[in-house]
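Here's the structure we're looking at; comments come further down.
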Amino acid sequence: MITPIFRIFDTEKATDFYRDFLGFTIDWRHQYEENMPEYIQVSFHNALIHLTEHHGDASPGSSIRVKLDNVEDYHHTLSQKEYAYSNPGMRHTSWKTIEMTVTDPFLNRITFYEEK
């Protein structure tokens with residue numbers, strides 16, 4: 001299994017986006033001591049992502065693709081939420097996928113896709 005690492009700058013904003021908006025589970029958090037950067041693991045279906053405030057771990061603006069069944073249902077679920085910072089669209093591609101891309105508050109992108 002490959003685990004991508006996304007750079008974040010604010011764990012509260014990350015929690016609002018990944019847990020409250022996208023519906024990810026926060027599996028665990030790690031912080032060496034108070035006032036130090038935090039490292040978080042989140043998961044959703046078959047996706048596992050590490051979120052880090054540590055400067056040298058990753059660069060903001062990364063992108064991953066996550067295969068997901070029923071992308072249209074997931075899109076509908078997100079559309080019903082009142083999250084002010086994202087309103088993802090869906091598209092049917094010429095390579096026979098349905099895709100929805102979301103961008104987190106730190107410019108990392110997740111494209112959820114379903115093969116048709």
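If you're wondering about the labels, chains in the structure tokens are A, B, ... by order shown, residues count from 1 in each chain, ligands from 1 in order shown.
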
Practice task
Just the residues within 10 Å of stretch 27-42 of chain A, please, counting only C-alpha atoms, with nothing from its chain fewer than 6 positions along; format it as a count of residues only.
Solution key: 21

Practice task
Find the residues near A:His92: any atom within 10 Å, counting only C-alpha atoms, skip ones fewer than 6 places away on the same chain, and give them as number ranges by chain.
Solution key: A: 98-100, 113-116

Selection export as an mmCIF file, in the first residue's frame, atoms kept: N, CA and C atoms:
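Listed below is the output, out.cif:
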data_model
loop_
_atom_site.group_PDB
_atom_site.id
_atom_site.type_symbol
_atom_site.label_atom_id
_atom_site.label_comp_id
_atom_site.auth_asym_id
_atom_site.auth_seq_id
_atom_site.Cartn_x
_atom_site.Cartn_y
_atom_site.Cartn_z
ATOM 1 N N ILE A 98 -15.997 8.542 -14.191
ATOM 2 C CA ILE A 98 -16.728 9.660 -13.602
ATOM 3 C C ILE A 98 -15.796 10.192 -12.520
ATOM 4 N N GLU A 99 -15.537 11.496 -12.530
ATOM 5 C CA GLU A 99 -14.546 12.067 -11.622
ATOM 6 C C GLU A 99 -15.074 13.295 -10.897
ATOM 7 N N MET A 100 -14.629 13.418 -9.652
ATOM 8 C CA MET A 100 -14.916 14.583 -8.837
ATOM 9 C C MET A 100 -13.608 14.962 -8.145
ATOM 10 N N TYR A 113 -12.624 8.898 -8.353
ATOM 11 C CA TYR A 113 -13.058 8.460 -9.676
ATOM 12 C C TYR A 113 -13.674 7.073 -9.617
ATOM 13 N N GLU A 114 -14.522 6.834 -10.587
ATOM 14 C CA GLU A 114 -15.190 5.541 -10.753
ATOM 15 C C GLU A 114 -15.070 5.153 -12.222
ATOM 16 N N GLU A 115 -14.642 3.930 -12.463
ATOM 17 C CA GLU A 115 -14.533 3.453 -13.843
ATOM 18 C C GLU A 115 -15.896 2.976 -14.313
ATOM 19 N N LYS A 116 -16.251 3.342 -15.539
ATOM 20 C CA LYS A 116 -17.532 2.941 -16.129
ATOM 21 C C LYS A 116 -17.301 2.052 -17.306
#

Please build the interface table for stretch 82-101 of chain A against stretch 64-77 of chain A with a cut-off of 12 Å, listing for each qualifying residue the nearest atom pair and the distance in Å to one decimal; count only C-alpha atoms, order rows by chain and increasing number, and write it as a tab-separated table.
residue	atom	partner	partner_atom	distance
A:Glu82	CA	A:Thr77	CA	10.6
A:Tyr83	CA	A:Thr77	CA	11.6
A:Ser86	CA	A:His75	CA	11.6
A:Asn87	CA	A:His75	CA	9.4
A:Pro88	CA	A:His75	CA	7.5
A:Gly89	CA	A:His75	CA	7.7
A:Met90	CA	A:His75	CA	7.4
A:Arg91	CA	A:Glu72	CA	9.8
A:His92	CA	A:Glu72	CA	10.5
A:Thr97	CA	A:Val71	CA	9.8
A:Ile98	CA	A:Val71	CA	6.9
A:Glu99	CA	A:Val71	CA	7.1
A:Met100	CA	A:His75	CA	7.2
A:Thr101	CA	A:Arg65	CA	8.7

Handout entry: Length of the atom CA of A:Pro105 to atom CA of A:Ile2 vector [Å]
Key = 22.8 Å

Practice task
Would you return as a ChimeraX atom specification the members of chain A that DSSP assigns to strand (DSSP E or B) on this structure's backbone?
Solution key: /A:5-7,25-30,39-44,47-52,63-67,90-92,97-103,109-115

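As for atom CA of A:Ser62 and atom CA of A:Ala47, they are spaced 15.2 Å apart.
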
Practice task
Please return as an MDAnalysis selection string: the residues of stretch 3-95 of chain A that backbone DSSP assigns to alpha helix (DSSP H).
Solution key: chainID A and resid 11:15 71:79

Using N, CA, C and O atoms, can you export the residues from the last selection as a JSON list (two decimals), in the first residue's frame?
[["chain", "number", "residue", "atom", "x", "y", "z"],
["A", 11, "THR", "N", -4.23, 22.35, 11.68],
["A", 11, "THR", "CA", -4.95, 21.10, 11.92],
["A", 11, "THR", "C", -6.45, 21.30, 12.08],
["A", 11, "THR", "O", -7.23, 20.42, 11.71],
["A", 12, "GLU", "N", -6.87, 22.45, 12.57],
["A", 12, "GLU", "CA", -8.31, 22.71, 12.70],
["A", 12, "GLU", "C", -8.97, 22.80, 11.33],
["A", 12, "GLU", "O", -10.02, 22.21, 11.09],
["A", 13, "LYS", "N", -8.34, 23.52, 10.41],
["A", 13, "LYS", "CA", -8.87, 23.61, 9.04],
["A", 13, "LYS", "C", -8.84, 22.25, 8.36],
["A", 13, "LYS", "O", -9.77, 21.89, 7.63],
["A", 14, "ALA", "N", -7.78, 21.49, 8.60],
["A", 14, "ALA", "CA", -7.68, 20.15, 8.01],
["A", 14, "ALA", "C", -8.78, 19.25, 8.54],
["A", 14, "ALA", "O", -9.41, 18.51, 7.78],
["A", 15, "THR", "N", -9.06, 19.30, 9.83],
["A", 15, "THR", "CA", -10.12, 18.51, 10.43],
["A", 15, "THR", "C", -11.47, 18.90, 9.87],
["A", 15, "THR", "O", -12.29, 18.04, 9.53],
["A", 71, "VAL", "N", -19.35, 7.37, -7.15],
["A", 71, "VAL", "CA", -18.89, 8.76, -7.07],
["A", 71, "VAL", "C", -20.07, 9.72, -7.13],
["A", 71, "VAL", "O", -20.08, 10.73, -6.42],
["A", 72, "GLU", "N", -21.08, 9.41, -7.93],
["A", 72, "GLU", "CA", -22.23, 10.30, -8.02],
["A", 72, "GLU", "C", -22.96, 10.41, -6.68],
["A", 72, "GLU", "O", -23.38, 11.51, -6.29],
["A", 73, "ASP", "N", -23.09, 9.31, -5.95],
["A", 73, "ASP", "CA", -23.71, 9.35, -4.62],
["A", 73, "ASP", "C", -22.88, 10.18, -3.66],
["A", 73, "ASP", "O", -23.42, 10.97, -2.86],
["A", 74, "TYR", "N", -21.57, 10.00, -3.71],
["A", 74, "TYR", "CA", -20.67, 10.76, -2.84],
["A", 74, "TYR", "C", -20.75, 12.26, -3.17],
["A", 74, "TYR", "O", -20.82, 13.10, -2.27],
["A", 75, "HIS", "N", -20.79, 12.58, -4.45],
["A", 75, "HIS", "CA", -20.94, 13.97, -4.87],
["A", 75, "HIS", "C", -22.24, 14.57, -4.32],
["A", 75, "HIS", "O", -22.26, 15.69, -3.82],
["A", 76, "HIS", "N", -23.32, 13.80, -4.41],
["A", 76, "HIS", "CA", -24.61, 14.27, -3.88],
["A", 76, "HIS", "C", -24.51, 14.53, -2.38],
["A", 76, "HIS", "O", -25.00, 15.55, -1.88],
["A", 77, "THR", "N", -23.86, 13.62, -1.65],
["A", 77, "THR", "CA", -23.69, 13.79, -0.20],
["A", 77, "THR", "C", -22.93, 15.08, 0.11],
["A", 77, "THR", "O", -23.33, 15.86, 0.98],
["A", 78, "LEU", "N", -21.83, 15.32, -0.60],
["A", 78, "LEU", "CA", -21.05, 16.54, -0.36],
["A", 78, "LEU", "C", -21.83, 17.78, -0.74],
["A", 78, "LEU", "O", -21.72, 18.82, -0.08],
["A", 79, "SER", "N", -22.62, 17.70, -1.80],
["A", 79, "SER", "CA", -23.41, 18.85, -2.25],
["A", 79, "SER", "C", -24.44, 19.28, -1.22],
["A", 79, "SER", "O", -24.85, 20.44, -1.20]]

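Minimum atom-to-atom distance to A:Asp16, evaluated using only C-alpha atoms, belongs to A:Ala84 out of A:Ala84, A:Phe112, A:Ala58, A:Lys96.
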
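Separating atom CA of A:Arg109 from atom CA of A:Ser63 is a distance of 4.5 Å.
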